[in-house]
$ cat final-v5.pdb   # PDB, C-alpha atoms and all ligand atoms
ATOM      1  CA  MET V 148       9.063 -10.046   5.271  1.00  0.00           C
ATOM      2  CA  GLN V 149       9.355  -8.822   1.703  1.00  0.00           C
ATOM      3  CA  ILE V 150       7.568  -6.447  -0.618  1.00  0.00           C
ATOM      4  CA  LEU V 151       5.198  -8.300  -2.924  1.00  0.00           C
ATOM      5  CA  THR V 152       5.219  -7.442  -6.585  1.00  0.00           C
ATOM      6  CA  TYR V 153       2.399  -7.297  -9.124  1.00  0.00           C
ATOM      7  CA  PRO V 154       0.323  -9.420  -9.771  1.00  0.00           C
ATOM      8  CA  HIS V 155       0.573 -11.052  -6.338  1.00  0.00           C
ATOM      9  CA  PRO V 156      -3.018 -11.854  -5.193  1.00  0.00           C
ATOM     10  CA  THR V 157      -2.645 -10.102  -1.807  1.00  0.00           C
ATOM     11  CA  LEU V 158      -2.245  -6.828  -3.717  1.00  0.00           C
ATOM     12  CA  ARG V 159      -5.775  -7.326  -5.066  1.00  0.00           C
ATOM     13  CA  ARG V 160      -7.339  -8.209  -1.745  1.00  0.00           C
ATOM     14  CA  VAL V 161      -9.620  -5.698   0.001  1.00  0.00           C
ATOM     15  CA  SER V 162      -7.980  -5.392   3.407  1.00  0.00           C
ATOM     16  CA  LYS V 163      -9.917  -5.788   6.646  1.00  0.00           C
ATOM     17  CA  PRO V 164     -10.257  -3.056   9.324  1.00  0.00           C
ATOM     18  CA  LEU V 165      -7.894  -3.452  12.238  1.00  0.00           C
ATOM     19  CA  ARG V 166      -9.473  -4.012  15.632  1.00  0.00           C
ATOM     20  CA  ARG V 167      -6.402  -4.030  17.828  1.00  0.00           C
ATOM     21  CA  VAL V 168      -2.680  -3.372  17.872  1.00  0.00           C
ATOM     22  CA  ASP V 169      -0.208  -5.361  19.953  1.00  0.00           C
ATOM     23  CA  ALA V 170       3.563  -5.599  20.392  1.00  0.00           C
ATOM     24  CA  ASP V 171       3.890  -8.101  17.530  1.00  0.00           C
ATOM     25  CA  LEU V 172       2.097  -5.775  15.160  1.00  0.00           C
ATOM     26  CA  ARG V 173       4.238  -2.806  16.275  1.00  0.00           C
ATOM     27  CA  LYS V 174       7.314  -4.883  15.493  1.00  0.00           C
ATOM     28  CA  THR V 175       5.861  -5.743  12.086  1.00  0.00           C
ATOM     29  CA  ILE V 176       5.214  -2.057  11.361  1.00  0.00           C
ATOM     30  CA  ARG V 177       8.831  -1.269  12.338  1.00  0.00           C
ATOM     31  CA  GLN V 178       9.963  -3.880   9.793  1.00  0.00           C
ATOM     32  CA  MET V 179       7.703  -2.257   7.202  1.00  0.00           C
ATOM     33  CA  PHE V 180       9.489   1.088   7.708  1.00  0.00           C
ATOM     34  CA  ASP V 181      12.894  -0.594   7.351  1.00  0.00           C
ATOM     35  CA  LEU V 182      11.805  -2.349   4.151  1.00  0.00           C
ATOM     36  CA  MET V 183      10.347   0.857   2.764  1.00  0.00           C
ATOM     37  CA  TYR V 184      13.589   2.767   3.393  1.00  0.00           C
ATOM     38  CA  ALA V 185      15.662  -0.015   1.848  1.00  0.00           C
ATOM     39  CA  ALA V 186      13.483   0.262  -1.265  1.00  0.00           C
ATOM     40  CA  LYS V 187      13.642   4.103  -1.192  1.00  0.00           C
ATOM     41  CA  GLY V 188       9.867   4.430  -0.957  1.00  0.00           C
ATOM     42  CA  ILE V 189       7.763   7.138   0.701  1.00  0.00           C
ATOM     43  CA  GLY V 190       4.753   4.953   1.471  1.00  0.00           C
ATOM     44  CA  LEU V 191       3.931   1.293   2.007  1.00  0.00           C
ATOM     45  CA  ALA V 192       0.581  -0.398   2.527  1.00  0.00           C
ATOM     46  CA  ALA V 193       0.261  -3.458   4.745  1.00  0.00           C
ATOM     47  CA  ASN V 194      -1.010  -5.713   1.970  1.00  0.00           C
ATOM     48  CA  GLN V 195       2.214  -4.998   0.051  1.00  0.00           C
ATOM     49  CA  VAL V 196       3.928  -7.153   2.681  1.00  0.00           C
ATOM     50  CA  ASP V 197       1.152  -9.771   2.701  1.00  0.00           C
ATOM     51  CA  LEU V 198      -0.660  -8.311   5.710  1.00  0.00           C
ATOM     52  CA  PRO V 199      -4.348  -8.032   4.728  1.00  0.00           C
ATOM     53  CA  LEU V 200      -5.144  -5.241   7.205  1.00  0.00           C
ATOM     54  CA  ARG V 201      -6.152  -1.607   6.739  1.00  0.00           C
ATOM     55  CA  LEU V 202      -3.008   0.261   7.592  1.00  0.00           C
ATOM     56  CA  PHE V 203      -0.289   2.053   5.722  1.00  0.00           C
ATOM     57  CA  ILE V 204       2.888   3.918   6.587  1.00  0.00           C
ATOM     58  CA  VAL V 205       4.378   7.100   5.144  1.00  0.00           C
ATOM     59  CA  ASN V 206       7.605   9.053   5.443  1.00  0.00           C
ATOM     60  CA  LEU V 207       7.792  11.623   2.667  1.00  0.00           C
ATOM     61  CA  GLU V 208      11.563  11.947   3.159  1.00  0.00           C
ATOM     62  CA  ALA V 209      12.070   8.202   2.543  1.00  0.00           C
ATOM     63  CA  LYS V 210      14.856   8.126   5.146  1.00  0.00           C
ATOM     64  CA  PRO V 211      14.943   6.963   8.768  1.00  0.00           C
ATOM     65  CA  ASP V 212      16.882  10.031   9.941  1.00  0.00           C
ATOM     66  CA  ALA V 213      14.672  12.617   8.233  1.00  0.00           C
ATOM     67  CA  GLY V 214      11.017  13.485   7.917  1.00  0.00           C
ATOM     68  CA  GLU V 215       8.293  12.012  10.066  1.00  0.00           C
ATOM     69  CA  GLU V 216       7.253   8.382  10.379  1.00  0.00           C
ATOM     70  CA  LEU V 217       3.485   8.224  10.097  1.00  0.00           C
ATOM     71  CA  VAL V 218       1.194   5.244  10.604  1.00  0.00           C
ATOM     72  CA  PHE V 219      -2.398   5.395   9.346  1.00  0.00           C
ATOM     73  CA  ILE V 220      -4.757   2.783  10.739  1.00  0.00           C
ATOM     74  CA  ASN V 221      -8.267   2.261   9.275  1.00  0.00           C
ATOM     75  CA  PRO V 222      -7.885   5.385   7.116  1.00  0.00           C
ATOM     76  CA  VAL V 223     -10.832   7.030   5.394  1.00  0.00           C
ATOM     77  CA  ILE V 224     -10.549   9.777   2.790  1.00  0.00           C
ATOM     78  CA  SER V 225     -13.353  12.273   2.294  1.00  0.00           C
ATOM     79  CA  LEU V 226     -14.176  15.662   0.823  1.00  0.00           C
ATOM     80  CA  PRO V 227     -11.876  15.776  -2.168  1.00  0.00           C
ATOM     81  CA  ARG V 228     -11.821  19.408  -3.301  1.00  0.00           C
ATOM     82  CA  GLY V 229      -9.656  21.974  -4.998  1.00  0.00           C
ATOM     83  CA  GLY V 230      -9.885  20.152  -8.292  1.00  0.00           C
ATOM     84  CA  SER V 231      -7.609  17.430  -9.512  1.00  0.00           C
ATOM     85  CA  GLU V 232      -4.081  17.253 -10.808  1.00  0.00           C
ATOM     86  CA  GLU V 233      -1.982  14.857 -12.808  1.00  0.00           C
ATOM     87  CA  ALA V 234       1.429  13.644 -11.666  1.00  0.00           C
ATOM     88  CA  GLU V 235       3.744  10.706 -12.153  1.00  0.00           C
ATOM     89  CA  GLU V 236       3.488   7.797  -9.730  1.00  0.00           C
ATOM     90  CA  GLY V 237       5.489   4.702  -9.058  1.00  0.00           C
ATOM     91  CA  CYS V 238       4.966   1.802  -6.671  1.00  0.00           C
ATOM     92  CA  LEU V 239       7.284  -0.521  -4.746  1.00  0.00           C
ATOM     93  CA  SER V 240       5.103  -3.391  -5.989  1.00  0.00           C
ATOM     94  CA  LEU V 241       5.750  -2.374  -9.605  1.00  0.00           C
ATOM     95  CA  PRO V 242       9.481  -1.606  -9.463  1.00  0.00           C
ATOM     96  CA  GLY V 243      10.784   0.478 -12.349  1.00  0.00           C
ATOM     97  CA  LEU V 244       7.326   1.337 -13.653  1.00  0.00           C
ATOM     98  CA  TYR V 245       5.940   4.883 -13.660  1.00  0.00           C
ATOM     99  CA  GLY V 246       2.806   6.488 -15.016  1.00  0.00           C
ATOM    100  CA  GLN V 247       0.691   9.617 -14.977  1.00  0.00           C
ATOM    101  CA  VAL V 248      -2.279   9.483 -12.607  1.00  0.00           C
ATOM    102  CA  VAL V 249      -5.007  12.101 -12.084  1.00  0.00           C
ATOM    103  CA  ARG V 250      -6.140  12.476  -8.469  1.00  0.00           C
ATOM    104  CA  PRO V 251      -7.932  15.040  -6.287  1.00  0.00           C
ATOM    105  CA  LYS V 252      -5.466  17.731  -5.240  1.00  0.00           C
ATOM    106  CA  GLN V 253      -6.679  18.030  -1.672  1.00  0.00           C
ATOM    107  CA  VAL V 254      -8.350  15.501   0.591  1.00  0.00           C
ATOM    108  CA  ARG V 255      -9.386  15.138   4.180  1.00  0.00           C
ATOM    109  CA  LEU V 256      -8.125  11.991   5.825  1.00  0.00           C
ATOM    110  CA  ASN V 257      -9.337  10.419   9.059  1.00  0.00           C
ATOM    111  CA  ALA V 258      -7.404   7.578  10.643  1.00  0.00           C
ATOM    112  CA  TYR V 259      -6.153   6.129  13.913  1.00  0.00           C
ATOM    113  CA  SER V 260      -2.578   6.422  15.092  1.00  0.00           C
ATOM    114  CA  LEU V 261      -0.491   3.544  16.421  1.00  0.00           C
ATOM    115  CA  GLN V 262      -1.509   4.748  19.894  1.00  0.00           C
ATOM    116  CA  GLY V 263      -5.186   4.277  18.999  1.00  0.00           C
ATOM    117  CA  LYS V 264      -5.918   7.996  18.778  1.00  0.00           C
ATOM    118  CA  GLU V 265      -8.242   9.201  16.021  1.00  0.00           C
ATOM    119  CA  PHE V 266      -6.923  12.097  13.976  1.00  0.00           C
ATOM    120  CA  GLU V 267      -7.941  14.168  10.994  1.00  0.00           C
ATOM    121  CA  ALA V 268      -5.684  15.841   8.463  1.00  0.00           C
ATOM    122  CA  GLU V 269      -6.197  18.110   5.468  1.00  0.00           C
ATOM    123  CA  LEU V 270      -3.712  16.967   2.874  1.00  0.00           C
ATOM    124  CA  SER V 271      -2.433  18.475  -0.336  1.00  0.00           C
ATOM    125  CA  GLY V 272       0.437  18.048  -2.777  1.00  0.00           C
ATOM    126  CA  LEU V 273       2.641  14.963  -2.562  1.00  0.00           C
ATOM    127  CA  PHE V 274       1.266  14.050   0.857  1.00  0.00           C
ATOM    128  CA  ALA V 275      -2.307  13.903  -0.500  1.00  0.00           C
ATOM    129  CA  ARG V 276      -1.221  11.902  -3.526  1.00  0.00           C
ATOM    130  CA  CYS V 277       0.818   9.452  -1.494  1.00  0.00           C
ATOM    131  CA  CYS V 278      -2.007   8.777   0.986  1.00  0.00           C
ATOM    132  CA  GLN V 279      -4.531   8.284  -1.827  1.00  0.00           C
ATOM    133  CA  HIS V 280      -2.155   5.842  -3.537  1.00  0.00           C
ATOM    134  CA  GLU V 281      -1.645   3.895  -0.276  1.00  0.00           C
ATOM    135  CA  LEU V 282      -5.351   3.855   0.562  1.00  0.00           C
ATOM    136  CA  ASP V 283      -6.015   2.485  -2.918  1.00  0.00           C
ATOM    137  CA  HIS V 284      -3.707  -0.431  -2.064  1.00  0.00           C
ATOM    138  CA  LEU V 285      -5.949  -1.336   0.885  1.00  0.00           C
ATOM    139  CA  ASP V 286      -8.837  -1.643  -1.575  1.00  0.00           C
ATOM    140  CA  GLY V 287      -6.806  -3.771  -3.972  1.00  0.00           C
ATOM    141  CA  VAL V 288      -6.296  -0.899  -6.430  1.00  0.00           C
ATOM    142  CA  LEU V 289      -2.925  -0.219  -8.087  1.00  0.00           C
ATOM    143  CA  PHE V 290      -1.890   2.996  -9.818  1.00  0.00           C
ATOM    144  CA  PRO V 291      -2.109   1.568 -13.394  1.00  0.00           C
ATOM    145  CA  ASP V 292      -5.833   1.003 -12.683  1.00  0.00           C
ATOM    146  CA  ARG V 293      -6.117   4.783 -12.297  1.00  0.00           C
ATOM    147  CA  MET V 294      -4.287   5.634 -15.520  1.00  0.00           C
ATOM    148  CA  SER V 295      -6.037   6.627 -18.710  1.00  0.00           C
ATOM    149  CA  ALA V 296      -6.509   3.806 -21.215  1.00  0.00           C
ATOM    150  CA  THR V 297      -3.990   5.397 -23.569  1.00  0.00           C
ATOM    151  CA  ALA V 298      -1.368   5.886 -20.877  1.00  0.00           C
ATOM    152  CA  ARG V 299      -1.860   2.353 -19.621  1.00  0.00           C
ATOM    153  CA  ALA V 300      -1.465   0.963 -23.128  1.00  0.00           C
ATOM    154  CA  ASP V 301       2.074   2.399 -23.037  1.00  0.00           C
ATOM    155  CA  ILE V 302       3.000   0.317 -19.984  1.00  0.00           C
ATOM    156  CA  GLN V 303       1.003  -2.801 -20.877  1.00  0.00           C
ATOM    157  CA  GLU V 304       4.086  -4.617 -22.112  1.00  0.00           C
ATOM    158  CA  ASP V 305       5.839  -4.026 -18.791  1.00  0.00           C
ATOM    159  CA  LEU V 306       2.793  -5.280 -16.898  1.00  0.00           C
ATOM    160  CA  ASP V 307       2.813  -8.383 -19.100  1.00  0.00           C
ATOM    161  CA  VAL V 308       6.450  -9.015 -18.137  1.00  0.00           C
ATOM    162  CA  PHE V 309       5.534  -8.842 -14.428  1.00  0.00           C
ATOM    163  CA  GLU V 310       2.681 -11.292 -15.050  1.00  0.00           C
ATOM    164  CA  THR V 311       4.820 -13.766 -16.956  1.00  0.00           C
ATOM    165  CA  ASP V 312       7.528 -13.605 -14.309  1.00  0.00           C
ATOM    166  CA  PHE V 313       4.990 -14.150 -11.542  1.00  0.00           C
ATOM    167  CA  ALA V 314       3.460 -17.146 -13.328  1.00  0.00           C
ATOM    168  CA  SER V 315       6.852 -18.780 -13.811  1.00  0.00           C
ATOM    169  CA  ARG V 316       7.932 -18.194 -10.202  1.00  0.00           C
ATOM    170  CA  ARG V 317       4.664 -19.719  -9.079  1.00  0.00           C
ATOM    171  CA  GLY V 318       5.206 -22.615 -11.418  1.00  0.00           C
ATOM    172  CA  THR V 319       8.496 -23.464  -9.698  1.00  0.00           C
ATOM    173  CA  GLY V 320       6.862 -23.338  -6.271  1.00  0.00           C
ATOM    174  CA  GLU V 321       8.912 -20.298  -5.269  1.00  0.00           C
ATOM    175  CA  LEU V 322       5.676 -18.441  -4.529  1.00  0.00           C
ATOM    176  CA  PRO V 323       2.806 -19.751  -2.380  1.00  0.00           C
ATOM    177  CA  SER V 324      -0.361 -21.189  -3.892  1.00  0.00           C
ATOM    178  CA  ASP V 325      -3.751 -19.484  -3.507  1.00  0.00           C
ATOM    179  CA  GLU V 326      -4.635 -21.948  -0.724  1.00  0.00           C
ATOM    180  CA  GLU V 327      -1.441 -21.141   1.190  1.00  0.00           C
ATOM    181  CA  LEU V 328      -2.086 -17.431   0.781  1.00  0.00           C
ATOM    182  CA  ALA V 329      -5.666 -17.783   2.034  1.00  0.00           C
ATOM    183  CA  ARG V 330      -4.378 -19.580   5.153  1.00  0.00           C
ATOM    184  CA  GLY V 331      -1.928 -16.739   5.814  1.00  0.00           C
ATOM    185  CA  TRP V 332      -4.644 -14.095   5.404  1.00  0.00           C
ATOM    186  CA  ALA V 333      -6.973 -15.983   7.755  1.00  0.00           C
ATOM    187  CA  GLN V 334      -4.261 -16.054  10.424  1.00  0.00           C
ATOM    188  CA  TRP V 335      -3.683 -12.292  10.335  1.00  0.00           C
ATOM    189  CA  GLU V 336      -7.396 -11.534  10.134  1.00  0.00           C
ATOM    190  CA  GLY V 337      -8.188 -13.911  12.979  1.00  0.00           C
ATOM    191  CA  LYS V 338      -5.671 -12.132  15.166  1.00  0.00           C
ATOM    192  CA  TYR V 339      -6.286  -8.479  14.309  1.00  0.00           C
ATOM    193  CA  ALA V 340      -9.423  -7.921  12.216  1.00  0.00           C
TER     194      ALA V 340
HETATM  195 NI    NI V 401       2.192   1.487  -4.229  1.00  0.00          NI
END

$ encode --input "final-v5.pdb" --output "structure tokens"
Amino acid sequence: MQILTYPHPTLRRVSKPLRRVDADLRKTIRQMFDLMYAAKGIGLAANQVDLPLRLFIVNLEAKPDAGEELVFINPVISLPRGGSEEAEEGCLSLPGLYGQVVRPKQVRLNAYSLQGKEFEAELSGLFARCCQHELDHLDGVLFPDRMSATARADIQEDLDVFETDFASRRGTGELPSDEELARGWAQWEGKYA
């Protein structure tokens, strides 16, 4: 398992709702936490590791021995209120790149836990921002898509570098073709969606 980087096609895929969780998937989620900590991230969406399913993980402390490990399955965000605020975001799929993104300050989030229990949370601050960023991933949206046109123009060159690098790695066969990716998605979706 590895973290996919922009513009990998799985990052643009709208992920499918999860219908069941089994031991294999729990093991996969454990690996996601380990990968996230290794990359010093606070959140990771399943499609960032080529899993086209609606789940993401969060630990705001970014460390295995601190904070709380949270798993959000089939998350839905509603009732943004309290206005919006701008803050800098980064993404493990766009390493080294940061940009200002405006988002609702407070949101209500409904999701299922790993144990299949539905829960609701009122989020604010970094927690709200992180969950909105991760939920965006499940819809194929990346933080530069949320930046103002002027702010995005400033990072366009960096995005171009990612795109060129991706194209050349694909050219050498290091990265799977669209057909191979589609087969992988179908396998996961057939098993869990
Ligand atoms: Ni991200």

$ residues_around --input "final-v5.pdb" --residues "Arg330 in chain V" --least-positions-apart "5" --cutoff "12 Å" --atoms "all atoms listed in the file" --output "list of chain:residue names"
V:Thr157, V:Asp197, V:Leu198, V:Pro199, V:Pro323, V:Ser324, V:Asp325, V:Trp335, V:Glu336, V:Gly337

$ write_last_selection --input "final-v5.pdb" --atoms "C-alpha atoms" --output "PDB file, in the coordinates of the input"
ATOM      1  CA  THR V 157      -2.645 -10.102  -1.807  1.00  0.00           C
ATOM      2  CA  ASP V 197       1.152  -9.771   2.701  1.00  0.00           C
ATOM      3  CA  LEU V 198      -0.660  -8.311   5.710  1.00  0.00           C
ATOM      4  CA  PRO V 199      -4.348  -8.032   4.728  1.00  0.00           C
ATOM      5  CA  PRO V 323       2.806 -19.751  -2.380  1.00  0.00           C
ATOM      6  CA  SER V 324      -0.361 -21.189  -3.892  1.00  0.00           C
ATOM      7  CA  ASP V 325      -3.751 -19.484  -3.507  1.00  0.00           C
ATOM      8  CA  TRP V 335      -3.683 -12.292  10.335  1.00  0.00           C
ATOM      9  CA  GLU V 336      -7.396 -11.534  10.134  1.00  0.00           C
ATOM     10  CA  GLY V 337      -8.188 -13.911  12.979  1.00  0.00           C
TER      11      GLY V 337
END

$ atom_distance --input "final-v5.pdb" --atom1 "CA of Ile204 in chain V" --atom2 "CA of Arg177 in chain V"
9.8 Å

$ closest_atom_pairs --input "final-v5.pdb" --of "chain V" --to "ligand NI 401 (chain V)" --cutoff "7 Å" --atoms "all atoms listed in the file" --output "JSON lines"
{"residue": "V:Leu191", "atom": "CA", "partner": "V:NI401", "partner_atom": "NI", "distance": 6.5}
{"residue": "V:Gly237", "atom": "CA", "partner": "V:NI401", "partner_atom": "NI", "distance": 6.7}
{"residue": "V:Cys238", "atom": "CA", "partner": "V:NI401", "partner_atom": "NI", "distance": 3.7}
{"residue": "V:Leu239", "atom": "CA", "partner": "V:NI401", "partner_atom": "NI", "distance": 5.5}
{"residue": "V:Ser240", "atom": "CA", "partner": "V:NI401", "partner_atom": "NI", "distance": 5.9}
{"residue": "V:His280", "atom": "CA", "partner": "V:NI401", "partner_atom": "NI", "distance": 6.2}
{"residue": "V:Glu281", "atom": "CA", "partner": "V:NI401", "partner_atom": "NI", "distance": 6.0}
{"residue": "V:His284", "atom": "CA", "partner": "V:NI401", "partner_atom": "NI", "distance": 6.6}
{"residue": "V:Leu289", "atom": "CA", "partner": "V:NI401", "partner_atom": "NI", "distance": 6.6}

$ residues_near_point --input "final-v5.pdb" --point "(-1.6, 11.4, -14.2)" --cutoff "7 Å" --atoms "all atoms listed in the file" --output "number ranges by chain"
V: 233-235, 246-249, 294

$ atom_distance --input "final-v5.pdb" --atom1 "CA of Phe219 in chain V" --atom2 "CA of Ala192 in chain V"
9.4 Å

$ atom_distance --input "final-v5.pdb" --atom1 "CA of Leu202 in chain V" --atom2 "CA of Pro242 in chain V"
21.2 Å

$ residues_around --input "final-v5.pdb" --residues "range 253-269 of chain V" --least-positions-apart "5" --cutoff "6 Å" --atoms "all atoms listed in the file" --output "list of chain:residue names"
V:Val218, V:Phe219, V:Ile220, V:Asn221, V:Pro222, V:Val223, V:Ile224, V:Ser225, V:Leu226, V:Pro227, V:Arg228, V:Gly229

$ residues_around --input "final-v5.pdb" --residues "range 296-313 of chain V" --least-positions-apart "2" --cutoff "8 Å" --atoms "all atoms listed in the file" --output "tab-separated table (two decimals) with C-alpha atoms, in the frame of the given file"
chain	number	residue	atom	x	y	z
V	152	THR	CA	5.22	-7.44	-6.58
V	153	TYR	CA	2.40	-7.30	-9.12
V	154	PRO	CA	0.32	-9.42	-9.77
V	155	HIS	CA	0.57	-11.05	-6.34
V	244	LEU	CA	7.33	1.34	-13.65
V	246	GLY	CA	2.81	6.49	-15.02
V	247	GLN	CA	0.69	9.62	-14.98
V	291	PRO	CA	-2.11	1.57	-13.39
V	294	MET	CA	-4.29	5.63	-15.52
V	315	SER	CA	6.85	-18.78	-13.81
V	316	ARG	CA	7.93	-18.19	-10.20
V	317	ARG	CA	4.66	-19.72	-9.08

$ closest_residue --input "final-v5.pdb" --among "V:Phe203, V:Ala333, V:Ala193, V:Arg250" --to "Glu216 in chain V" --atoms "all atoms listed in the file"
V:Phe203

$ resolve_selection --input "final-v5.pdb" --expression "the PyMOL selection byres (((chain V and resi 179) around 10) and not hetatm)" --output "list in words"
Met148, Gln149, Ile150, Arg173, Lys174, Thr175, Ile176, Arg177, Gln178, Phe180, Asp181, Leu182, Met183, Tyr184, Ala185, Gly190, Leu191, Ala192, Ala193, Gln195, Val196, Phe203 and Ile204 of chain V

$ write_last_selection --input "final-v5.pdb" --atoms "C-alpha atoms" --output "mmCIF file, in the frame of the given file"
data_model
loop_
_atom_site.group_PDB
_atom_site.id
_atom_site.type_symbol
_atom_site.label_atom_id
_atom_site.label_comp_id
_atom_site.auth_asym_id
_atom_site.auth_seq_id
_atom_site.Cartn_x
_atom_site.Cartn_y
_atom_site.Cartn_z
ATOM 1 C CA MET V 148 9.063 -10.046 5.271
ATOM 2 C CA GLN V 149 9.355 -8.822 1.703
ATOM 3 C CA ILE V 150 7.568 -6.447 -0.618
ATOM 4 C CA ARG V 173 4.238 -2.806 16.275
ATOM 5 C CA LYS V 174 7.314 -4.883 15.493
ATOM 6 C CA THR V 175 5.861 -5.743 12.086
ATOM 7 C CA ILE V 176 5.214 -2.057 11.361
ATOM 8 C CA ARG V 177 8.831 -1.269 12.338
ATOM 9 C CA GLN V 178 9.963 -3.880 9.793
ATOM 10 C CA PHE V 180 9.489 1.088 7.708
ATOM 11 C CA ASP V 181 12.894 -0.594 7.351
ATOM 12 C CA LEU V 182 11.805 -2.349 4.151
ATOM 13 C CA MET V 183 10.347 0.857 2.764
ATOM 14 C CA TYR V 184 13.589 2.767 3.393
ATOM 15 C CA ALA V 185 15.662 -0.015 1.848
ATOM 16 C CA GLY V 190 4.753 4.953 1.471
ATOM 17 C CA LEU V 191 3.931 1.293 2.007
ATOM 18 C CA ALA V 192 0.581 -0.398 2.527
ATOM 19 C CA ALA V 193 0.261 -3.458 4.745
ATOM 20 C CA GLN V 195 2.214 -4.998 0.051
ATOM 21 C CA VAL V 196 3.928 -7.153 2.681
ATOM 22 C CA PHE V 203 -0.289 2.053 5.722
ATOM 23 C CA ILE V 204 2.888 3.918 6.587
#

$ decode --input "final-v5.pdb" --residues "range 225-231 of chain V" --atoms "all heavy atoms" --output "PDB file, in the first residue's frame"
ATOM      1  N   SER V 225     -23.345  18.171   7.017  1.00  0.00           N
ATOM      2  CA  SER V 225     -24.519  19.017   6.830  1.00  0.00           C
ATOM      3  C   SER V 225     -24.415  20.250   7.713  1.00  0.00           C
ATOM      4  O   SER V 225     -23.532  20.342   8.565  1.00  0.00           O
ATOM      5  CB  SER V 225     -25.783  18.229   7.167  1.00  0.00           C
ATOM      6  OG  SER V 225     -25.734  17.805   8.509  1.00  0.00           O
ATOM      7  N   LEU V 226     -25.379  21.146   7.513  1.00  0.00           N
ATOM      8  CA  LEU V 226     -25.543  22.331   8.347  1.00  0.00           C
ATOM      9  C   LEU V 226     -24.282  23.142   8.591  1.00  0.00           C
ATOM     10  O   LEU V 226     -23.954  23.436   9.739  1.00  0.00           O
ATOM     11  CB  LEU V 226     -26.117  21.913   9.715  1.00  0.00           C
ATOM     12  CG  LEU V 226     -27.508  21.319   9.733  1.00  0.00           C
ATOM     13  CD1 LEU V 226     -27.884  20.962  11.168  1.00  0.00           C
ATOM     14  CD2 LEU V 226     -28.523  22.287   9.168  1.00  0.00           C
ATOM     15  N   PRO V 227     -23.563  23.518   7.525  1.00  0.00           N
ATOM     16  CA  PRO V 227     -22.445  24.415   7.790  1.00  0.00           C
ATOM     17  C   PRO V 227     -22.989  25.715   8.376  1.00  0.00           C
ATOM     18  O   PRO V 227     -23.997  26.230   7.902  1.00  0.00           O
ATOM     19  CB  PRO V 227     -21.816  24.645   6.416  1.00  0.00           C
ATOM     20  CG  PRO V 227     -22.818  24.219   5.427  1.00  0.00           C
ATOM     21  CD  PRO V 227     -23.744  23.257   6.106  1.00  0.00           C
ATOM     22  N   ARG V 228     -22.387  26.203   9.434  1.00  0.00           N
ATOM     23  CA  ARG V 228     -22.842  27.482  10.007  1.00  0.00           C
ATOM     24  C   ARG V 228     -21.680  28.134  10.756  1.00  0.00           C
ATOM     25  O   ARG V 228     -20.603  27.574  10.862  1.00  0.00           O
ATOM     26  CB  ARG V 228     -24.044  27.268  10.906  1.00  0.00           C
ATOM     27  CG  ARG V 228     -23.793  26.354  12.056  1.00  0.00           C
ATOM     28  CD  ARG V 228     -25.035  26.309  12.924  1.00  0.00           C
ATOM     29  NE  ARG V 228     -24.869  25.329  13.973  1.00  0.00           N
ATOM     30  CZ  ARG V 228     -25.088  24.036  13.816  1.00  0.00           C
ATOM     31  NH1 ARG V 228     -25.489  23.566  12.653  1.00  0.00           N
ATOM     32  NH2 ARG V 228     -24.914  23.194  14.824  1.00  0.00           N
ATOM     33  N   GLY V 229     -21.945  29.334  11.226  1.00  0.00           N
ATOM     34  CA  GLY V 229     -20.880  30.045  11.939  1.00  0.00           C
ATOM     35  C   GLY V 229     -19.917  30.706  10.973  1.00  0.00           C
ATOM     36  O   GLY V 229     -18.799  31.029  11.333  1.00  0.00           O
ATOM     37  N   GLY V 230     -20.381  30.871   9.730  1.00  0.00           N
ATOM     38  CA  GLY V 230     -19.532  31.570   8.764  1.00  0.00           C
ATOM     39  C   GLY V 230     -18.420  30.700   8.242  1.00  0.00           C
ATOM     40  O   GLY V 230     -18.378  29.493   8.481  1.00  0.00           O
ATOM     41  N   SER V 231     -17.501  31.330   7.519  1.00  0.00           N
ATOM     42  CA  SER V 231     -16.413  30.560   6.939  1.00  0.00           C
ATOM     43  C   SER V 231     -15.096  31.174   7.367  1.00  0.00           C
ATOM     44  O   SER V 231     -15.059  32.303   7.844  1.00  0.00           O
ATOM     45  CB  SER V 231     -16.545  30.541   5.420  1.00  0.00           C
ATOM     46  OG  SER V 231     -16.612  31.859   4.931  1.00  0.00           O
TER      47      SER V 231
END
